[in-house]
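What's in my_file.txt: compact mmCIF, N, CA and C atoms and all ligand atoms
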```txt
# COMPACT_ATOMS: atom_id res chain seq x y z
N MET A 992 20.97 -14.72 -26.81
CA MET A 992 19.90 -15.56 -27.37
C MET A 992 18.87 -15.89 -26.31
N ARG A 993 17.60 -15.91 -26.70
CA ARG A 993 16.53 -16.15 -25.74
C ARG A 993 16.54 -17.61 -25.25
N THR A 994 16.28 -17.79 -23.95
CA THR A 994 16.18 -19.15 -23.40
C THR A 994 14.94 -19.82 -23.98
N PRO A 995 15.07 -21.07 -24.48
CA PRO A 995 13.88 -21.76 -25.01
C PRO A 995 12.78 -21.85 -23.94
N LEU A 996 11.55 -21.72 -24.37
CA LEU A 996 10.43 -21.63 -23.42
C LEU A 996 10.24 -22.89 -22.57
N ASN A 997 10.83 -24.01 -23.02
CA ASN A 997 10.71 -25.22 -22.19
C ASN A 997 11.82 -25.29 -21.13
N GLN A 998 12.67 -24.24 -21.08
CA GLN A 998 13.76 -24.24 -20.09
C GLN A 998 13.69 -23.06 -19.12
N VAL A 999 12.53 -22.42 -19.03
CA VAL A 999 12.44 -21.21 -18.20
C VAL A 999 11.88 -21.48 -16.80
N LEU A 1000 11.58 -22.74 -16.52
CA LEU A 1000 11.10 -23.12 -15.19
C LEU A 1000 12.30 -23.46 -14.33
N LYS A 1001 12.41 -22.81 -13.15
CA LYS A 1001 13.59 -23.02 -12.30
C LYS A 1001 13.16 -23.56 -10.94
N LYS A 1002 13.95 -24.52 -10.45
CA LYS A 1002 13.71 -25.05 -9.12
C LYS A 1002 14.63 -24.33 -8.16
N ASN A 1003 14.11 -23.54 -7.24
CA ASN A 1003 14.96 -22.83 -6.27
C ASN A 1003 15.26 -23.73 -5.08
N LYS A 1004 16.39 -23.44 -4.44
CA LYS A 1004 16.81 -24.24 -3.30
C LYS A 1004 15.86 -23.99 -2.11
N VAL A 1005 15.47 -25.06 -1.46
CA VAL A 1005 14.63 -24.92 -0.27
C VAL A 1005 15.54 -25.02 0.95
N LEU A 1006 15.53 -23.93 1.74
CA LEU A 1006 16.38 -23.89 2.94
C LEU A 1006 15.50 -24.28 4.13
N GLY A 1007 15.31 -25.56 4.28
CA GLY A 1007 14.38 -26.01 5.31
C GLY A 1007 15.09 -26.53 6.54
N ASP A 1008 14.40 -26.47 7.66
CA ASP A 1008 14.86 -27.16 8.86
C ASP A 1008 13.62 -27.56 9.64
N GLU A 1009 13.80 -27.96 10.89
CA GLU A 1009 12.67 -28.49 11.65
C GLU A 1009 11.59 -27.42 11.90
N ARG A 1010 11.92 -26.14 11.66
CA ARG A 1010 10.93 -25.07 11.88
C ARG A 1010 10.05 -24.83 10.66
N GLY A 1011 10.47 -25.39 9.50
CA GLY A 1011 9.71 -25.17 8.27
C GLY A 1011 10.64 -24.81 7.13
N GLN A 1012 10.04 -24.26 6.04
CA GLN A 1012 10.81 -24.04 4.82
C GLN A 1012 11.05 -22.55 4.56
N LEU A 1013 12.08 -22.28 3.80
CA LEU A 1013 12.41 -20.90 3.43
C LEU A 1013 13.05 -20.94 2.03
N VAL A 1014 12.61 -20.03 1.19
CA VAL A 1014 13.22 -19.91 -0.15
C VAL A 1014 13.69 -18.47 -0.31
N ALA A 1015 14.94 -18.29 -0.73
CA ALA A 1015 15.49 -16.95 -0.93
C ALA A 1015 15.71 -16.73 -2.43
N ILE A 1016 15.32 -15.54 -2.90
CA ILE A 1016 15.53 -15.22 -4.32
C ILE A 1016 16.26 -13.89 -4.40
N GLU A 1017 17.45 -13.91 -4.95
CA GLU A 1017 18.28 -12.71 -5.01
C GLU A 1017 18.53 -12.31 -6.47
N SER A 1018 18.45 -11.00 -6.69
CA SER A 1018 18.73 -10.43 -8.01
C SER A 1018 20.12 -10.82 -8.47
N GLY A 1019 20.23 -11.22 -9.70
CA GLY A 1019 21.55 -11.53 -10.26
C GLY A 1019 22.09 -12.89 -9.87
N ILE A 1020 21.43 -13.54 -8.91
CA ILE A 1020 21.89 -14.87 -8.50
C ILE A 1020 20.85 -15.92 -8.93
N HIS A 1021 19.62 -15.71 -8.49
CA HIS A 1021 18.57 -16.67 -8.84
C HIS A 1021 17.72 -16.19 -10.01
N ILE A 1022 17.71 -14.87 -10.20
CA ILE A 1022 16.97 -14.32 -11.35
C ILE A 1022 17.89 -13.34 -12.09
N PRO A 1023 17.74 -13.26 -13.41
CA PRO A 1023 18.73 -12.52 -14.21
C PRO A 1023 18.47 -11.02 -14.29
N PHE A 1024 17.80 -10.41 -13.29
CA PHE A 1024 17.54 -8.97 -13.36
C PHE A 1024 17.45 -8.38 -11.96
N GLU A 1025 17.57 -7.03 -11.90
CA GLU A 1025 17.37 -6.30 -10.65
C GLU A 1025 15.86 -6.15 -10.43
N ILE A 1026 15.40 -6.43 -9.24
CA ILE A 1026 13.95 -6.35 -8.97
C ILE A 1026 13.58 -4.89 -8.66
N LYS A 1027 12.63 -4.36 -9.48
CA LYS A 1027 12.15 -3.00 -9.23
C LYS A 1027 10.70 -3.00 -8.73
N ARG A 1028 10.02 -4.13 -8.93
CA ARG A 1028 8.59 -4.16 -8.59
C ARG A 1028 8.20 -5.57 -8.18
N VAL A 1029 7.31 -5.63 -7.20
CA VAL A 1029 6.74 -6.90 -6.76
C VAL A 1029 5.23 -6.73 -6.73
N PHE A 1030 4.50 -7.65 -7.32
CA PHE A 1030 3.04 -7.63 -7.17
C PHE A 1030 2.55 -9.06 -7.08
N TYR A 1031 1.34 -9.22 -6.62
CA TYR A 1031 0.79 -10.57 -6.53
C TYR A 1031 -0.69 -10.54 -6.82
N ILE A 1032 -1.17 -11.64 -7.38
CA ILE A 1032 -2.60 -11.73 -7.65
C ILE A 1032 -3.18 -12.92 -6.90
N TYR A 1033 -4.38 -12.76 -6.41
CA TYR A 1033 -5.06 -13.81 -5.65
C TYR A 1033 -6.56 -13.55 -5.75
N GLY A 1034 -7.36 -14.47 -5.25
CA GLY A 1034 -8.81 -14.29 -5.34
C GLY A 1034 -9.29 -14.34 -6.78
N THR A 1035 -8.59 -15.12 -7.59
CA THR A 1035 -8.94 -15.22 -9.02
C THR A 1035 -10.25 -16.00 -9.17
N GLN A 1036 -10.89 -15.80 -10.31
CA GLN A 1036 -12.18 -16.45 -10.57
C GLN A 1036 -11.97 -17.69 -11.44
N PRO A 1037 -12.81 -18.73 -11.22
CA PRO A 1037 -12.66 -19.93 -12.04
C PRO A 1037 -12.82 -19.59 -13.53
N ASN A 1038 -12.00 -20.20 -14.33
CA ASN A 1038 -12.06 -20.05 -15.79
C ASN A 1038 -11.85 -18.62 -16.29
N VAL A 1039 -11.24 -17.78 -15.46
CA VAL A 1039 -10.93 -16.42 -15.92
C VAL A 1039 -9.42 -16.27 -15.98
N PRO A 1040 -8.86 -16.22 -17.20
CA PRO A 1040 -7.40 -16.08 -17.32
C PRO A 1040 -6.94 -14.66 -17.01
N ARG A 1041 -5.67 -14.51 -16.68
CA ARG A 1041 -5.06 -13.20 -16.46
C ARG A 1041 -3.93 -13.02 -17.47
N GLY A 1042 -3.36 -11.84 -17.47
CA GLY A 1042 -2.27 -11.60 -18.41
C GLY A 1042 -2.81 -11.38 -19.81
N GLN A 1043 -2.50 -12.30 -20.70
CA GLN A 1043 -2.89 -12.21 -22.11
C GLN A 1043 -2.30 -10.94 -22.74
N HIS A 1044 -1.02 -10.77 -22.48
CA HIS A 1044 -0.30 -9.65 -23.08
C HIS A 1044 1.20 -9.96 -23.04
N SER A 1045 1.96 -9.07 -23.66
CA SER A 1045 3.41 -9.15 -23.64
C SER A 1045 3.92 -7.78 -23.21
N HIS A 1046 5.23 -7.69 -23.00
CA HIS A 1046 5.83 -6.41 -22.63
C HIS A 1046 6.99 -6.10 -23.57
N HIS A 1047 7.17 -4.82 -23.85
CA HIS A 1047 8.34 -4.42 -24.65
C HIS A 1047 9.63 -4.70 -23.88
N LYS A 1048 9.67 -4.27 -22.61
CA LYS A 1048 10.93 -4.35 -21.85
C LYS A 1048 10.85 -5.14 -20.56
N THR A 1049 9.65 -5.29 -20.02
CA THR A 1049 9.53 -5.90 -18.68
C THR A 1049 9.82 -7.39 -18.72
N GLN A 1050 10.67 -7.81 -17.79
CA GLN A 1050 10.91 -9.23 -17.55
C GLN A 1050 10.25 -9.59 -16.22
N GLN A 1051 9.78 -10.80 -16.10
CA GLN A 1051 9.06 -11.20 -14.89
C GLN A 1051 9.54 -12.56 -14.40
N TYR A 1052 9.36 -12.77 -13.10
CA TYR A 1052 9.64 -14.08 -12.51
C TYR A 1052 8.43 -14.42 -11.66
N LEU A 1053 7.76 -15.51 -12.01
CA LEU A 1053 6.47 -15.82 -11.39
C LEU A 1053 6.58 -17.04 -10.48
N ILE A 1054 5.97 -16.92 -9.31
CA ILE A 1054 6.00 -18.01 -8.33
C ILE A 1054 4.60 -18.16 -7.74
N ALA A 1055 4.07 -19.38 -7.77
CA ALA A 1055 2.80 -19.64 -7.07
C ALA A 1055 3.18 -19.96 -5.62
N VAL A 1056 3.17 -18.93 -4.77
CA VAL A 1056 3.61 -19.14 -3.38
C VAL A 1056 2.55 -19.92 -2.59
N SER A 1057 1.33 -19.96 -3.10
CA SER A 1057 0.28 -20.80 -2.53
C SER A 1057 -0.56 -21.32 -3.69
N GLY A 1058 -1.07 -22.54 -3.57
CA GLY A 1058 -1.94 -23.09 -4.61
C GLY A 1058 -1.20 -23.31 -5.92
N SER A 1059 -1.94 -23.27 -7.01
CA SER A 1059 -1.34 -23.58 -8.31
C SER A 1059 -2.03 -22.81 -9.43
N CYS A 1060 -1.31 -22.70 -10.53
CA CYS A 1060 -1.89 -22.16 -11.76
C CYS A 1060 -1.03 -22.63 -12.92
N GLN A 1061 -1.49 -22.38 -14.11
CA GLN A 1061 -0.71 -22.70 -15.30
C GLN A 1061 -0.35 -21.40 -16.00
N VAL A 1062 0.80 -21.40 -16.63
CA VAL A 1062 1.24 -20.22 -17.37
C VAL A 1062 1.62 -20.67 -18.78
N THR A 1063 0.94 -20.11 -19.76
CA THR A 1063 1.28 -20.41 -21.15
C THR A 1063 2.10 -19.26 -21.71
N LEU A 1064 3.30 -19.59 -22.16
CA LEU A 1064 4.21 -18.61 -22.75
C LEU A 1064 4.28 -18.84 -24.25
N ASP A 1065 4.38 -17.75 -24.98
CA ASP A 1065 4.39 -17.82 -26.44
C ASP A 1065 5.39 -16.78 -26.95
N ASP A 1066 6.43 -17.23 -27.63
CA ASP A 1066 7.43 -16.27 -28.14
C ASP A 1066 7.23 -16.01 -29.63
N GLY A 1067 6.08 -16.40 -30.13
CA GLY A 1067 5.78 -16.19 -31.55
C GLY A 1067 6.18 -17.37 -32.41
N LYS A 1068 7.07 -18.24 -31.85
CA LYS A 1068 7.51 -19.42 -32.60
C LYS A 1068 6.93 -20.66 -31.95
N GLU A 1069 7.00 -20.71 -30.61
CA GLU A 1069 6.44 -21.87 -29.91
C GLU A 1069 5.65 -21.41 -28.71
N LYS A 1070 4.77 -22.30 -28.25
CA LYS A 1070 3.88 -22.04 -27.13
C LYS A 1070 4.09 -23.17 -26.14
N VAL A 1071 4.44 -22.83 -24.89
CA VAL A 1071 4.69 -23.87 -23.88
C VAL A 1071 3.89 -23.53 -22.63
N THR A 1072 3.22 -24.53 -22.07
CA THR A 1072 2.46 -24.32 -20.83
C THR A 1072 3.20 -24.96 -19.67
N HIS A 1073 3.41 -24.18 -18.61
CA HIS A 1073 4.08 -24.67 -17.40
C HIS A 1073 3.11 -24.67 -16.23
N LEU A 1074 3.23 -25.68 -15.40
CA LEU A 1074 2.42 -25.75 -14.18
C LEU A 1074 3.25 -25.17 -13.03
N LEU A 1075 2.69 -24.20 -12.34
CA LEU A 1075 3.34 -23.68 -11.12
C LEU A 1075 2.52 -24.21 -9.94
N ASP A 1076 3.07 -25.13 -9.20
CA ASP A 1076 2.28 -25.73 -8.12
C ASP A 1076 3.08 -25.94 -6.84
N GLN A 1077 4.31 -25.33 -6.80
CA GLN A 1077 5.11 -25.45 -5.59
C GLN A 1077 5.81 -24.12 -5.33
N PRO A 1078 5.91 -23.70 -4.07
CA PRO A 1078 6.46 -22.37 -3.78
C PRO A 1078 7.94 -22.21 -4.07
N HIS A 1079 8.66 -23.29 -4.33
CA HIS A 1079 10.08 -23.14 -4.66
C HIS A 1079 10.32 -23.18 -6.17
N ILE A 1080 9.25 -23.23 -6.95
CA ILE A 1080 9.39 -23.24 -8.41
C ILE A 1080 9.12 -21.84 -8.95
N GLY A 1081 9.98 -21.35 -9.83
CA GLY A 1081 9.78 -20.03 -10.43
C GLY A 1081 9.86 -20.11 -11.94
N LEU A 1082 9.17 -19.19 -12.59
CA LEU A 1082 9.12 -19.19 -14.05
C LEU A 1082 9.59 -17.83 -14.56
N PHE A 1083 10.59 -17.84 -15.41
CA PHE A 1083 11.10 -16.60 -16.01
C PHE A 1083 10.34 -16.30 -17.29
N GLN A 1084 9.75 -15.12 -17.34
CA GLN A 1084 9.07 -14.65 -18.57
C GLN A 1084 9.83 -13.45 -19.09
N ASP A 1085 10.49 -13.63 -20.20
CA ASP A 1085 11.30 -12.56 -20.78
C ASP A 1085 10.40 -11.51 -21.43
N ALA A 1086 10.99 -10.35 -21.72
CA ALA A 1086 10.30 -9.34 -22.53
C ALA A 1086 9.97 -9.96 -23.89
N MET A 1087 8.96 -9.46 -24.51
CA MET A 1087 8.51 -9.94 -25.83
C MET A 1087 8.15 -11.43 -25.83
N VAL A 1088 7.60 -11.87 -24.70
CA VAL A 1088 7.00 -13.21 -24.62
C VAL A 1088 5.57 -13.01 -24.15
N TRP A 1089 4.63 -13.50 -24.95
CA TRP A 1089 3.21 -13.38 -24.61
C TRP A 1089 2.90 -14.35 -23.47
N GLY A 1090 2.25 -13.85 -22.41
CA GLY A 1090 1.98 -14.71 -21.25
C GLY A 1090 0.52 -14.73 -20.87
N THR A 1091 0.01 -15.93 -20.63
CA THR A 1091 -1.36 -16.10 -20.16
C THR A 1091 -1.34 -16.98 -18.91
N MET A 1092 -1.91 -16.47 -17.83
CA MET A 1092 -1.99 -17.23 -16.58
C MET A 1092 -3.41 -17.76 -16.45
N HIS A 1093 -3.55 -19.06 -16.19
CA HIS A 1093 -4.89 -19.65 -16.22
C HIS A 1093 -4.98 -20.86 -15.30
N ASP A 1094 -6.18 -21.38 -15.15
CA ASP A 1094 -6.44 -22.56 -14.30
C ASP A 1094 -5.89 -22.37 -12.89
N PHE A 1095 -6.27 -21.26 -12.30
CA PHE A 1095 -5.86 -20.97 -10.92
C PHE A 1095 -6.64 -21.85 -9.95
N SER A 1096 -5.97 -22.39 -8.95
CA SER A 1096 -6.69 -23.03 -7.85
C SER A 1096 -7.27 -21.91 -6.98
N PRO A 1097 -8.35 -22.19 -6.24
CA PRO A 1097 -8.99 -21.11 -5.47
C PRO A 1097 -8.03 -20.47 -4.46
N ASP A 1098 -7.04 -21.22 -4.00
CA ASP A 1098 -6.10 -20.69 -2.99
C ASP A 1098 -4.83 -20.13 -3.61
N CYS A 1099 -4.82 -19.96 -4.92
CA CYS A 1099 -3.56 -19.53 -5.57
C CYS A 1099 -3.20 -18.07 -5.23
N VAL A 1100 -1.96 -17.90 -4.83
CA VAL A 1100 -1.37 -16.55 -4.72
C VAL A 1100 -0.18 -16.56 -5.66
N LEU A 1101 -0.28 -15.79 -6.74
CA LEU A 1101 0.79 -15.76 -7.74
C LEU A 1101 1.62 -14.49 -7.53
N LEU A 1102 2.86 -14.73 -7.08
CA LEU A 1102 3.79 -13.63 -6.81
C LEU A 1102 4.61 -13.36 -8.07
N VAL A 1103 4.75 -12.08 -8.40
CA VAL A 1103 5.51 -11.72 -9.61
C VAL A 1103 6.58 -10.69 -9.25
N LEU A 1104 7.82 -10.99 -9.63
CA LEU A 1104 8.93 -10.06 -9.48
C LEU A 1104 9.22 -9.49 -10.87
N ALA A 1105 9.46 -8.19 -10.95
CA ALA A 1105 9.65 -7.58 -12.28
C ALA A 1105 10.85 -6.63 -12.28
N ASN A 1106 11.43 -6.45 -13.44
CA ASN A 1106 12.64 -5.62 -13.57
C ASN A 1106 12.33 -4.17 -13.89
N GLU A 1107 11.04 -3.84 -14.05
CA GLU A 1107 10.66 -2.46 -14.40
C GLU A 1107 9.52 -2.01 -13.50
N HIS A 1108 9.45 -0.69 -13.27
CA HIS A 1108 8.28 -0.14 -12.59
C HIS A 1108 7.07 -0.29 -13.51
N TYR A 1109 5.87 -0.18 -12.93
CA TYR A 1109 4.66 -0.31 -13.74
C TYR A 1109 4.58 0.84 -14.75
N ASN A 1110 4.34 0.48 -15.99
CA ASN A 1110 4.22 1.47 -17.06
C ASN A 1110 3.29 0.90 -18.12
N ASP A 1111 2.12 1.46 -18.20
CA ASP A 1111 1.11 0.93 -19.13
C ASP A 1111 1.64 0.91 -20.58
N ALA A 1112 2.53 1.86 -20.90
CA ALA A 1112 3.06 1.95 -22.27
C ALA A 1112 3.95 0.76 -22.62
N ASP A 1113 4.38 0.03 -21.61
CA ASP A 1113 5.25 -1.13 -21.89
C ASP A 1113 4.43 -2.37 -22.29
N TYR A 1114 3.10 -2.27 -22.16
CA TYR A 1114 2.25 -3.44 -22.45
C TYR A 1114 1.92 -3.53 -23.94
N ILE A 1115 1.92 -4.74 -24.46
CA ILE A 1115 1.40 -5.02 -25.81
C ILE A 1115 0.19 -5.91 -25.58
N ARG A 1116 -1.00 -5.36 -25.81
CA ARG A 1116 -2.22 -6.11 -25.48
C ARG A 1116 -2.88 -6.74 -26.70
N SER A 1117 -2.38 -6.39 -27.88
CA SER A 1117 -2.96 -6.95 -29.10
C SER A 1117 -2.00 -8.02 -29.63
N TYR A 1118 -2.53 -9.24 -29.83
CA TYR A 1118 -1.67 -10.34 -30.29
C TYR A 1118 -1.14 -10.05 -31.69
N SER A 1119 -1.96 -9.41 -32.53
CA SER A 1119 -1.49 -9.14 -33.90
C SER A 1119 -0.36 -8.10 -33.87
N GLU A 1120 -0.46 -7.13 -32.95
CA GLU A 1120 0.63 -6.14 -32.83
C GLU A 1120 1.90 -6.84 -32.33
N PHE A 1121 1.74 -7.77 -31.38
CA PHE A 1121 2.88 -8.55 -30.86
C PHE A 1121 3.59 -9.27 -32.00
N LYS A 1122 2.80 -9.93 -32.86
CA LYS A 1122 3.39 -10.68 -33.98
C LYS A 1122 4.06 -9.73 -34.98
N GLU A 1123 3.43 -8.58 -35.17
CA GLU A 1123 4.00 -7.59 -36.10
C GLU A 1123 5.36 -7.10 -35.61
N ILE A 1124 5.45 -6.80 -34.31
CA ILE A 1124 6.72 -6.31 -33.74
C ILE A 1124 7.78 -7.39 -33.86
N LEU A 1125 7.40 -8.63 -33.62
CA LEU A 1125 8.37 -9.73 -33.71
C LEU A 1125 8.92 -9.89 -35.13
N SER A 1126 8.07 -9.65 -36.09
CA SER A 1126 8.51 -9.87 -37.47
C SER A 1126 9.16 -8.64 -38.08
N SER A 1127 9.19 -7.51 -37.34
CA SER A 1127 9.75 -6.28 -37.94
C SER A 1127 11.27 -6.20 -37.71
C1 LIG B 1 1.18 -10.42 -15.39
C2 LIG B 1 0.09 -10.97 -14.56
C3 LIG B 1 0.45 -12.15 -13.76
C4 LIG B 1 -0.76 -1.52 -11.40
O1 LIG B 1 -1.21 -0.42 -11.08
N1 LIG B 1 0.52 -1.87 -11.10
C5 LIG B 1 1.05 -3.07 -11.43
O2 LIG B 1 2.24 -3.32 -11.14
C6 LIG B 1 0.23 -4.02 -12.13
C7 LIG B 1 0.79 -5.37 -12.54
C8 LIG B 1 -1.05 -3.68 -12.41
N2 LIG B 1 -1.54 -2.45 -12.05
C9 LIG B 1 -2.96 -2.16 -12.34
C10 LIG B 1 -3.31 -2.04 -13.81
C11 LIG B 1 -4.75 -2.52 -13.85
O3 LIG B 1 -5.60 -1.42 -13.55
O4 LIG B 1 -3.76 -3.23 -11.82
C12 LIG B 1 -4.85 -3.51 -12.68
C13 LIG B 1 -4.84 -4.97 -13.13
O5 LIG B 1 -3.67 -5.19 -13.96
P1 LIG B 1 -3.69 -6.18 -15.23
O6 LIG B 1 -4.97 -6.05 -15.94
O7 LIG B 1 -2.43 -5.94 -15.98
O8 LIG B 1 -3.65 -7.60 -14.47
P2 LIG B 1 -3.32 -9.05 -15.07
O9 LIG B 1 -3.56 -10.00 -13.97
O10 LIG B 1 -4.03 -9.30 -16.34
O11 LIG B 1 -1.76 -9.02 -15.40
C14 LIG B 1 -0.85 -8.76 -14.34
C15 LIG B 1 0.38 -8.12 -14.93
O12 LIG B 1 -0.01 -6.93 -15.61
C16 LIG B 1 1.06 -9.03 -15.89
O13 LIG B 1 2.31 -8.48 -16.27
O14 LIG B 1 2.05 -11.16 -15.81
O15 LIG B 1 -0.50 -9.98 -13.70
```
Would you write out, as structure tokens, the structure that this file holds?
Amino acid sequence: MRTPLNQVLKKNKVLGDERGQLVAIESGIHIPFEIKRVFYIYGTQPNVPRGQHSHHKTQQYLIAVSGSCQVTLDDGKEKVTHLLDQPHIGLFQDAMVWGTMHDFSPDCVLLVLANEHYNDADYIRSYSEFKEILSS
């Protein structure tokens, strides 16, 4: 069963000492998938959202390692917006969840871990197609 969208925000342990902070994220321990791809977005423009699509199979784990942004997730039944504003906070976006990243701070670096290699065919970019697949 899919995790409710209001429970997909995870607080990771901060391994800090007098030298500073460190956060470790391991496949199968902190995130429920094997990591096949890592990408990050930065230098975003004010009022320009990213994402606005869903994936057939790709699962993602998003972390604002610098700055902040908001992520609105929509599973076709409910829509929940989460604030990512700390580097030890991560957000799990399952497959077949529509995701929109928005309200980026100018210094935001949004790191994304994914369970699949990049494949354009895995993207669902039309919201009506997304809803159709969900109801089929
Ligand atoms: C997501 C948000 C946060 C690649 O070649 N490899 C990749 O792994 C990715 C993610 C993208 N690309 C290419 C495809 C496009 O030509 O980079 C270009 C920009 O990608 P896109 O328009 O998908 O960027 P966003 O910011 O709208 O979405 C991306 C991810 O696609 C998406 O899954 O959650 O970042």
If the limit is 5 Å from any atom of ligand LIG 1 (chain B), counting all atoms listed in the file, which residues qualify? Return them as a PyMOL selection string. chain A and resi 1041-1042+1109
Find the spatial neighbours of Tyr1033 of chain A, counting only C-alpha atoms, within a cut-off of 9 Å - ignore same-chain residues fewer than 3 positions away - and output them as an MDAnalysis selection string. chainID A and resid 1095 1097:1102
For atom N of Asn997 of chain A and atom N of Gln1012 of chain A, the interatomic separation in Å (one decimal):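 Rounded to one decimal, the two atoms are 29.1 Å apart.
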As a PyMOL selection string, which residues of chain A does DSSP assign to strand (DSSP E)? chain A and resi 1000-1002+1028-1032+1041-1046+1051-1057+1060-1065+1070-1075+1080-1084+1089-1093+1100-1105+1114-1115
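Across A:Phe1083, A:Tyr1031, A:Tyr1052, A:Trp1089, the tightest approach to Gly1067 of chain A is made by A:Trp1089 when counting only C-alpha atoms.
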Which residue gives the smallest distance to Lys1002 of chain A among A:Arg1028, A:His1079, A:His1044, A:His1021, with only C-alpha atoms counted? A:His1079
What does the distance from atom CA of Val1062 of chain A to atom CA of Met1087 of chain A come to in Å, to one decimal?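 The value is 15.2 Å.
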Hey, can you check how far atom N of Val1103 of chain A sits from atom CA of Leu1125 of chain A? 25.7 Å
Polymer residues at most 8 Å from Lys1027 of chain A, only C-alpha atoms, same-chain spacing of 4 or more positions, as a PyMOL selection string: chain A and resi 1104-1108
Counting only C-alpha atoms, the residue among A:Leu1074, A:Leu1013, A:Met992, A:Leu1006 that lies closest to Cys1060 of chain A is A:Leu1074
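By all atoms listed in the file, and with residues fewer than 3 positions from Leu1075 of chain A along its chain excluded, the set lying at most 7 Å from it is Ile1054, Ala1055, Gly1058, Ser1059, Cys1060, Gln1061, Val1062, Pro1078 and Ile1080 of chain A.
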